[in-house]
>>> print(open('upload26.cif').read())   # mmCIF, C-alpha atoms and all ligand atoms
data_final
#
loop_
_atom_site.label_atom_id
_atom_site.label_comp_id
_atom_site.auth_asym_id
_atom_site.auth_seq_id
_atom_site.Cartn_x
_atom_site.Cartn_y
_atom_site.Cartn_z
CA MET H 133 108.70 29.65 80.24
CA ALA H 134 109.29 32.22 82.97
CA TYR H 135 110.39 35.57 81.57
CA PRO H 136 112.09 38.43 83.42
CA LYS H 137 109.73 41.19 84.46
CA VAL H 138 110.04 44.68 82.98
CA THR H 139 107.85 47.60 84.00
CA VAL H 140 107.52 50.43 81.51
CA VAL H 141 106.20 53.59 83.17
CA GLY H 142 104.52 55.93 80.70
CA ALA H 143 102.34 54.24 78.08
CA GLY H 144 102.78 57.03 75.53
CA ASN H 145 104.71 56.91 72.26
CA VAL H 146 108.09 55.89 73.67
CA GLY H 147 106.72 53.58 76.38
CA ALA H 148 104.27 51.67 74.19
CA THR H 149 106.79 51.26 71.37
CA THR H 150 109.36 50.01 73.89
CA ALA H 151 106.85 47.48 75.21
CA GLU H 152 106.15 46.32 71.66
CA LEU H 153 109.84 45.79 70.88
CA ILE H 154 110.52 43.98 74.18
CA LEU H 155 107.65 41.60 73.39
CA LEU H 156 108.58 41.05 69.74
CA LYS H 157 112.14 40.25 70.77
CA GLY H 158 110.86 37.86 73.46
CA LEU H 159 112.90 39.61 76.16
CA ALA H 160 110.49 39.93 79.08
CA ASP H 161 106.93 40.09 80.38
CA VAL H 162 105.94 43.74 80.39
CA THR H 163 103.76 45.76 82.74
CA LEU H 164 102.76 49.09 81.21
CA VAL H 165 101.87 51.82 83.71
CA ASP H 166 100.35 55.24 83.15
CA VAL H 167 98.53 57.90 85.19
CA VAL H 168 95.80 58.05 82.56
CA ASP H 169 93.62 55.10 83.48
CA GLY H 170 92.57 53.01 80.48
CA VAL H 171 95.54 53.89 78.25
CA PRO H 172 97.99 51.26 79.54
CA GLN H 173 95.19 48.68 79.76
CA GLY H 174 94.02 49.47 76.21
CA LYS H 175 97.51 49.36 74.70
CA ALA H 176 98.32 46.12 76.55
CA LEU H 177 95.15 44.50 75.22
CA ASP H 178 95.97 45.68 71.69
CA LEU H 179 99.47 44.21 72.01
CA MET H 180 98.08 40.90 73.30
CA HIS H 181 95.78 40.78 70.24
CA MET H 182 98.90 41.26 68.08
CA ARG H 183 100.34 38.15 69.72
CA SER H 184 97.94 35.99 67.67
CA HIS H 185 99.84 36.98 64.52
CA GLU H 186 103.34 37.61 65.82
CA GLN H 187 103.38 34.68 68.26
CA PHE H 188 105.80 36.16 70.77
CA GLY H 189 106.24 34.33 74.07
CA PRO H 190 106.02 36.99 76.79
CA GLU H 191 102.85 38.71 77.94
CA VAL H 192 101.92 42.32 78.65
CA ARG H 193 99.41 43.91 80.97
CA GLY H 194 98.45 47.49 81.60
CA THR H 195 97.66 49.17 84.90
CA SER H 196 97.63 52.39 86.87
CA ASN H 197 98.36 50.49 90.07
CA TYR H 198 102.02 50.01 91.03
CA ALA H 199 101.13 46.97 93.18
CA GLU H 200 100.99 45.08 89.87
CA THR H 201 104.59 46.04 89.09
CA ALA H 202 105.93 44.43 92.28
CA GLY H 203 109.18 42.49 91.94
CA SER H 204 110.22 43.94 88.58
CA ASP H 205 113.76 43.18 87.39
CA LEU H 206 113.88 46.36 85.34
CA VAL H 207 111.88 49.57 85.42
CA VAL H 208 112.00 51.81 82.34
CA VAL H 209 110.73 55.32 83.05
CA THR H 210 109.33 57.10 79.99
CA ALA H 211 106.68 59.06 81.90
CA GLY H 212 106.82 62.74 81.14
CA VAL H 213 106.01 65.48 78.73
CA PRO H 214 107.73 65.39 75.32
CA ARG H 215 109.05 68.40 73.36
CA LYS H 216 106.90 70.44 71.01
CA PRO H 217 108.32 72.52 68.12
CA GLY H 218 110.51 75.37 69.36
CA MET H 219 111.22 73.68 72.71
CA THR H 220 114.57 72.38 73.93
CA ARG H 221 114.77 69.33 76.18
CA GLU H 222 115.73 71.75 78.98
CA ASP H 223 112.33 73.50 78.72
CA LEU H 224 110.76 70.34 80.17
CA ILE H 225 112.79 70.40 83.36
CA ASP H 226 110.31 71.51 86.04
CA VAL H 227 107.28 69.52 84.97
CA ASN H 228 109.26 66.36 84.28
CA ALA H 229 111.21 66.60 87.55
CA GLY H 230 107.90 66.36 89.42
CA ILE H 231 106.90 63.33 87.35
CA VAL H 232 110.22 61.55 87.93
CA LYS H 233 109.89 62.09 91.69
CA ALA H 234 106.31 60.75 91.69
CA VAL H 235 107.30 57.67 89.68
CA LEU H 236 110.23 56.84 91.98
CA ASP H 237 108.03 57.26 95.08
CA ALA H 238 105.58 54.75 93.64
CA ALA H 239 107.83 52.26 91.82
CA LEU H 240 110.82 51.88 94.14
CA PRO H 241 108.99 50.53 97.23
CA THR H 242 107.37 47.73 95.20
CA SER H 243 110.51 46.85 93.20
CA PRO H 244 113.42 47.66 95.56
CA ASP H 245 115.85 45.37 93.71
CA ALA H 246 115.08 46.60 90.21
CA THR H 247 117.48 48.32 87.83
CA PHE H 248 116.06 51.66 86.68
CA ILE H 249 116.53 53.10 83.18
CA PHE H 250 115.33 56.69 82.86
CA VAL H 251 114.31 58.15 79.51
CA THR H 252 112.44 61.30 80.56
CA ASN H 253 114.01 64.53 79.31
CA PRO H 254 116.11 66.50 79.93
CA LEU H 255 117.75 63.14 80.41
CA ASP H 256 121.00 63.90 82.21
CA VAL H 257 119.30 66.22 84.70
CA MET H 258 116.54 63.67 85.39
CA VAL H 259 119.05 60.86 86.02
CA ASN H 260 121.09 62.99 88.44
CA LEU H 261 117.88 63.99 90.17
CA ALA H 262 116.72 60.37 90.37
CA ALA H 263 120.07 59.36 91.89
CA HIS H 264 119.76 62.11 94.50
CA ILE H 265 116.19 61.13 95.46
CA SER H 266 116.51 57.36 95.35
CA GLY H 267 119.97 56.59 96.70
CA LEU H 268 120.09 53.66 94.25
CA PRO H 269 123.58 52.25 93.62
CA LYS H 270 125.21 53.41 90.37
CA SER H 271 124.98 49.90 88.92
CA ARG H 272 121.16 50.00 89.11
CA LEU H 273 120.48 53.55 87.94
CA MET H 274 121.10 54.80 84.43
CA GLY H 275 119.63 56.79 81.59
CA MET H 276 119.03 56.27 77.89
CA GLY H 277 120.37 59.14 75.79
CA GLY H 278 123.77 58.27 74.38
CA ALA H 279 122.44 55.10 72.74
CA LEU H 280 119.92 57.17 70.78
CA ASP H 281 122.45 59.85 69.84
CA THR H 282 124.77 57.05 68.72
CA ALA H 283 122.01 55.63 66.50
CA ARG H 284 121.61 59.04 64.88
CA TYR H 285 125.36 59.47 64.44
CA LYS H 286 125.71 56.03 62.83
CA TYR H 287 122.83 56.84 60.49
CA ALA H 288 124.39 60.18 59.47
CA ILE H 289 127.83 58.58 58.90
CA ALA H 290 126.35 55.66 56.98
CA LYS H 291 124.40 58.05 54.73
CA ALA H 292 127.48 60.20 54.04
CA CYS H 293 129.65 57.13 53.32
CA GLN H 294 126.91 55.23 51.46
CA VAL H 295 127.22 52.14 53.62
CA GLU H 296 124.87 50.33 55.99
CA PRO H 297 124.89 51.58 59.63
CA SER H 298 126.10 48.11 60.63
CA ALA H 299 129.43 48.93 58.93
CA VAL H 300 129.87 51.94 61.22
CA GLU H 301 131.57 51.89 64.61
CA ALA H 302 130.92 55.17 66.39
CA MET H 303 129.73 56.57 69.67
CA VAL H 304 128.23 59.75 71.08
CA VAL H 305 129.01 60.79 74.66
CA GLY H 306 128.32 63.86 76.81
CA ALA H 307 124.89 65.36 77.42
CA HIS H 308 121.74 64.16 75.66
CA GLY H 309 121.11 67.57 74.08
CA GLN H 310 123.17 70.38 72.58
CA GLY H 311 126.10 69.20 74.73
CA MET H 312 126.40 65.82 73.02
CA VAL H 313 129.84 64.88 71.71
CA PRO H 314 129.86 62.68 68.58
CA LEU H 315 133.33 61.14 68.83
CA VAL H 316 135.52 61.25 65.75
CA SER H 317 138.72 59.83 67.24
CA ASN H 318 137.18 56.36 67.64
CA ALA H 319 134.80 56.36 64.67
CA LYS H 320 135.41 53.78 61.94
CA VAL H 321 133.71 52.71 58.74
CA ALA H 322 134.37 49.14 57.66
CA GLY H 323 137.35 49.16 60.01
CA LYS H 324 138.91 52.37 58.58
CA PRO H 325 139.14 55.59 60.61
CA LEU H 326 136.35 58.03 59.73
CA SER H 327 138.91 60.82 59.30
CA GLU H 328 140.44 58.86 56.39
CA ILE H 329 137.09 58.53 54.64
CA LEU H 330 135.32 61.87 55.08
CA SER H 331 136.79 65.37 54.78
CA PRO H 332 136.87 67.61 57.88
CA GLU H 333 133.94 69.60 56.40
CA GLN H 334 131.91 66.41 55.87
CA ILE H 335 132.68 65.29 59.42
CA THR H 336 131.49 68.66 60.77
CA GLU H 337 128.28 68.24 58.77
CA VAL H 338 127.68 64.69 60.00
CA ARG H 339 128.23 65.74 63.61
CA ALA H 340 125.84 68.69 63.20
CA GLU H 341 123.20 66.42 61.66
CA THR H 342 123.52 64.11 64.67
CA VAL H 343 122.95 66.93 67.16
CA ALA H 344 119.99 68.25 65.14
CA GLY H 345 118.35 64.83 64.56
CA GLY H 346 115.91 64.84 67.48
CA GLY H 347 114.87 68.44 66.85
CA GLN H 348 114.19 67.68 63.18
CA VAL H 349 111.78 64.92 64.18
CA VAL H 350 110.01 67.30 66.61
CA GLU H 351 109.65 69.96 63.90
CA LEU H 352 108.19 67.44 61.47
CA LEU H 353 105.82 65.73 63.92
CA LYS H 354 104.65 69.04 65.47
CA THR H 355 102.82 67.22 68.30
CA GLY H 356 105.60 65.34 70.10
CA SER H 357 109.08 63.94 69.83
CA ALA H 358 110.80 60.87 68.39
CA PHE H 359 109.84 57.43 69.60
CA TYR H 360 110.87 54.62 67.22
CA ALA H 361 114.64 55.10 67.55
CA PRO H 362 114.33 55.95 71.27
CA ALA H 363 112.42 52.71 71.87
CA ALA H 364 114.98 50.69 69.89
CA SER H 365 117.76 52.30 71.95
CA ILE H 366 116.02 51.43 75.22
CA CYS H 367 115.51 47.90 73.97
CA GLN H 368 119.21 47.57 73.17
CA MET H 369 120.01 48.44 76.81
CA VAL H 370 117.28 46.15 78.18
CA ALA H 371 118.59 43.25 76.07
CA ALA H 372 122.20 43.84 77.18
CA ILE H 373 121.14 43.68 80.83
CA LEU H 374 118.64 40.82 80.67
CA GLN H 375 120.83 38.70 78.40
CA ASP H 376 124.04 39.68 80.21
CA THR H 377 125.82 40.56 76.96
CA LYS H 378 128.35 42.98 78.52
CA GLY H 379 127.91 45.11 75.41
CA THR H 380 129.48 48.57 75.38
CA ILE H 381 126.66 51.09 75.05
CA SER H 382 126.72 54.86 75.56
CA THR H 383 124.74 55.20 78.79
CA CYS H 384 124.01 58.02 81.20
CA ALA H 385 125.95 56.66 84.17
CA LYS H 386 127.81 57.85 87.23
CA LEU H 387 131.37 59.05 86.76
CA GLU H 388 133.76 58.59 89.65
CA GLY H 389 137.01 59.97 88.30
CA GLU H 390 136.70 58.57 84.76
CA TYR H 391 137.36 61.21 82.09
CA GLY H 392 138.50 63.52 84.90
CA LEU H 393 134.90 63.94 86.15
CA ASP H 394 133.49 62.98 89.52
CA GLY H 395 130.04 62.52 91.04
CA LEU H 396 128.00 63.35 87.94
CA TYR H 397 125.81 61.15 85.74
CA MET H 398 126.35 61.75 82.03
CA CYS H 399 126.54 59.71 78.81
CA VAL H 400 129.72 57.64 78.50
CA PRO H 401 130.49 54.18 77.12
CA CYS H 402 129.45 51.55 79.67
CA LEU H 403 129.46 47.80 79.97
CA LEU H 404 125.87 46.65 80.48
CA GLY H 405 125.16 43.18 81.84
CA ALA H 406 123.26 41.21 84.47
CA GLN H 407 124.51 43.52 87.24
CA GLY H 408 123.25 46.58 85.36
CA MET H 409 125.88 49.25 84.70
CA GLU H 410 128.95 47.06 85.23
CA GLY H 411 131.64 49.63 84.44
CA VAL H 412 132.53 52.82 82.60
CA VAL H 413 134.78 52.23 79.59
CA GLU H 414 137.52 54.86 79.32
CA LEU H 415 138.24 55.57 75.67
CA ASN H 416 141.27 57.52 74.57
CA LEU H 417 139.63 60.78 73.57
CA ALA H 418 141.20 63.60 71.54
CA PRO H 419 141.90 66.72 73.64
CA ASP H 420 139.06 68.71 71.99
CA GLU H 421 136.60 65.86 72.66
CA LEU H 422 137.65 65.70 76.30
CA GLU H 423 137.19 69.46 76.52
CA GLN H 424 133.68 69.20 75.00
CA LEU H 425 132.82 66.49 77.54
CA LYS H 426 133.86 68.84 80.36
CA VAL H 427 131.76 71.67 78.90
CA ALA H 428 128.75 69.31 78.82
CA ALA H 429 129.39 68.35 82.45
CA THR H 430 129.47 72.00 83.50
CA SER H 431 126.19 72.64 81.70
CA ILE H 432 124.47 69.66 83.40
CA LYS H 433 125.74 70.85 86.80
CA GLY H 434 124.37 74.34 86.10
CA GLN H 435 120.93 72.96 85.27
CA LEU H 436 120.95 70.85 88.44
CA GLU H 437 121.73 73.91 90.53
CA GLY H 438 118.79 75.69 88.87
CA LEU H 439 116.55 72.83 89.95
CA ALA H 440 117.57 72.80 93.62
N1 LIG D 501 103.14 58.44 85.92
C1 LIG D 501 102.96 57.63 84.86
N2 LIG D 501 102.78 58.09 83.60
C2 LIG D 501 102.80 59.42 83.42
C3 LIG D 501 103.00 60.33 84.50
C4 LIG D 501 103.18 59.77 85.81
N3 LIG D 501 103.36 60.56 86.87
N4 LIG D 501 102.99 61.59 84.00
C5 LIG D 501 102.79 61.47 82.66
N5 LIG D 501 102.68 60.17 82.31
C6 LIG D 501 102.44 59.58 80.99
C7 LIG D 501 101.46 60.34 80.13
O1 LIG D 501 100.12 60.10 80.52
C8 LIG D 501 101.78 59.79 78.74
O2 LIG D 501 100.98 58.66 78.41
O3 LIG D 501 103.65 59.59 80.22
C9 LIG D 501 103.27 59.36 78.87
C10 LIG D 501 104.19 60.15 77.96
O4 LIG D 501 103.87 59.80 76.66
P1 LIG D 501 103.97 60.84 75.43
O5 LIG D 501 103.26 62.10 75.78
O6 LIG D 501 103.56 60.09 74.21
O7 LIG D 501 105.54 61.19 75.40
P2 LIG D 501 106.71 60.31 74.76
O8 LIG D 501 106.94 60.73 73.37
O9 LIG D 501 106.47 58.88 75.05
O10 LIG D 501 107.96 60.84 75.61
C11 LIG D 501 108.11 60.54 77.00
O11 LIG D 501 110.48 60.47 76.88
O12 LIG D 501 111.86 61.00 75.09
C12 LIG D 501 111.34 61.44 76.29
O13 LIG D 501 111.19 63.85 76.02
C13 LIG D 501 110.45 62.66 76.11
O14 LIG D 501 110.25 63.17 78.43
C14 LIG D 501 109.58 62.61 77.32
C15 LIG D 501 109.40 61.10 77.53
#
>>> encode(input="upload26.cif", output="structure tokens", more="lines below")
Ligand code: APR
Amino acid sequence: MAYPKVTVVGAGNVGATTAELILLKGLADVTLVDVVDGVPQGKALDLMHMRSHEQFGPEVRGTSNYAETAGSDLVVVTAGVPRKPGMTREDLIDVNAGIVKAVLDAALPTSPDATFIFVTNPLDVMVNLAAHISGLPKSRLMGMGGALDTARYKYAIAKACQVEPSAVEAMVVGAHGQGMVPLVSNAKVAGKPLSEILSPEQITEVRAETVAGGGQVVELLKTGSAFYAPAASICQMVAAILQDTKGTISTCAKLEGEYGLDGLYMCVPCLLGAQGMEGVVELNLAPDELEQLKVAATSIKGQLEGLA
């Protein structure tokens, strides 16, 4: 069977775990790429050995040569430096901006028709930068941030309400960082509005836990940042695109007037399908949520100006 072709740039924690999930779910053949020669090849070989037990269909190979990524349908960019304890995602800006530029220079000429999903932090700044450098259409350029924040929000709500996360409908929009906005107005547990289940104090706590989730993992790991939930979030987006599900997923995507914002990439609910980012979904937000979204947009713009 011919599988779609996904390139995962960066064979570190997030990249390798993403490759593993894509294979286990049978979504695509994967090419793992890294600047450190031997690492993508070694991890690809290890994953192919796993195939004897797990019996997944697609194959994986590792390389440091972008010629082998030619004709990819999707390129997932996880190359970059992760946070260490005490660092914010914004502290990574200069070093990771250089890496994102280098990856685009190498990957775009060989896969000019690919859809690109960026994961490198600080996410919103990197996606806006990638859009500026590449000129890719908004349908084929997006970032993974909101999907991960949503996973953390659902977990926090589920824990507070003592239900499974699958019973929770909720979404996080805004910036992938301190400027994230866990939405309350649309959140439901088993079909009931969250505000009817938890007290305002509990909701404040759950939202704070969501914002702090990534930092907590960094403090515990001490040597890097989260990768299991990030990889699962990437995989959710990859599956929606390759299987054309038209699922609504919080995605760092270009706003052109939606939510009163224009010309900026940030995390909002989007329809993902075969054409990539097929449309921004405009939810009815509460006035304070809309205000928080605008604050996040201003902060992203400020960081972009610092970069120029
Ligand atoms: N091209 C390809 N790979 C690169 C490049 C480059 N120019 N620069 C760095 N890399 C590789 C590194 O060699 C390393 O293997 O990117 C990989 C990053 O892996 P980790 O250090 O394990 O970091 P990880 O936890 O995977 O996070 C990667 O995702 O969540 C974000 O903040 C995180 O920006 C970070 C990125």
>>> residues_near_ligand(input="upload26.cif", ligand="ligand LIG 501 (chain D)", cutoff="9 Å", atoms="only C-alpha atoms and all ligand atoms", output="MDAnalysis selection string")
chainID H and resid 141:149 165:169 171:172 196 209:215 221 224 228 230:235 238 250:255 277 356:359 362:363
>>> axis_aligned_box(input="upload26.cif", around="stretch 286-298 of chain H", padding_each_side="3 Å", output="AutoDock Vina command-line options")
--center_x 126.2 --center_y 54.2 --center_z 57.1 --size_x 12.8 --size_y 18.1 --size_z 17.4
>>> residues_around(input="upload26.cif", residues="stretch 334-337 of chain H", least_positions_apart="2", cutoff="10 Å", atoms="all atoms listed in the file", output="short mmCIF file (atom, residue, chain, number, x, y, z; two decimals) with C-alpha atoms, in the frame of the given file")
data_model
loop_
_atom_site.label_atom_id
_atom_site.label_comp_id
_atom_site.auth_asym_id
_atom_site.auth_seq_id
_atom_site.Cartn_x
_atom_site.Cartn_y
_atom_site.Cartn_z
CA ALA H 288 124.39 60.18 59.47
CA ILE H 289 127.83 58.58 58.90
CA ALA H 292 127.48 60.20 54.04
CA CYS H 293 129.65 57.13 53.32
CA PRO H 314 129.86 62.68 68.58
CA VAL H 316 135.52 61.25 65.75
CA LEU H 326 136.35 58.03 59.73
CA SER H 327 138.91 60.82 59.30
CA ILE H 329 137.09 58.53 54.64
CA LEU H 330 135.32 61.87 55.08
CA SER H 331 136.79 65.37 54.78
CA PRO H 332 136.87 67.61 57.88
CA ARG H 339 128.23 65.74 63.61
CA ALA H 340 125.84 68.69 63.20
CA GLU H 341 123.20 66.42 61.66
CA THR H 342 123.52 64.11 64.67
#
>>> atom_distance(input="upload26.cif", atom1="atom CA of H:Leu153", atom2="atom CA of H:Pro297")
19.7 Å
>>> residues_around(input="upload26.cif", residues="stretch 392-403 of chain H", least_positions_apart="4", cutoff="7 Å", atoms="only C-alpha atoms", output="number ranges by chain")
H: 256, 259-260, 277-278, 305-307, 378-388, 409-413
>>> closest_residue(input="upload26.cif", among="H:Val207, H:Leu404, H:Leu352, H:Leu422", to="H:Asp376", atoms="all atoms listed in the file")
H:Leu404
>>> atom_distance(input="upload26.cif", atom1="atom CA of H:Ile154", atom2="atom CA of H:Ser243")
19.2 Å
>>> residues_around(input="upload26.cif", residues="stretch 179-186 of chain H", least_positions_apart="5", cutoff="10 Å", atoms="all atoms listed in the file", output="list in words")
Ala148, Ala151, Glu152, Leu155, Leu156, Gln173, Gly174, Glu191, Val192 and Arg193 of chain H
>>> residues_around(input="upload26.cif", residues="H:Gln375", least_positions_apart="3", cutoff="12 Å", atoms="all atoms listed in the file", output="list in words")
Tyr135, Pro136, Lys157, Gly158, Leu159, Ala160, Cys367, Gln368, Met369, Val370, Ala371, Ala372, Lys378, Gly379, Leu404, Gly405, Ala406, Gln407 and Gly408 of chain H
>>> residues_near_point(input="upload26.cif", point="(118.3, 62.6, 91.3)", cutoff="10 Å", atoms="only C-alpha atoms", output="ChimeraX atom specification")
/H:229,232-233,236,256-268,273,397,436
>>> atom_distance(input="upload26.cif", atom1="atom CA of H:Ala428", atom2="atom CA of H:Thr282")
16.4 Å
>>> closest_residue(input="upload26.cif", among="H:Gly311, H:Gly189, H:Gly347, H:Gly389", to="H:Ile432", atoms="only C-alpha atoms")
H:Gly311
>>> closest_residue(input="upload26.cif", among="H:Val227, H:Met303, H:Met312, H:Ala283", to="H:Val427", atoms="all atoms listed in the file")
H:Met312
>>> closest_residue(input="upload26.cif", among="H:Asp178, H:Asp223, H:Glu423, H:Glu328", to="H:Gly309", atoms="all atoms listed in the file")
H:Asp223
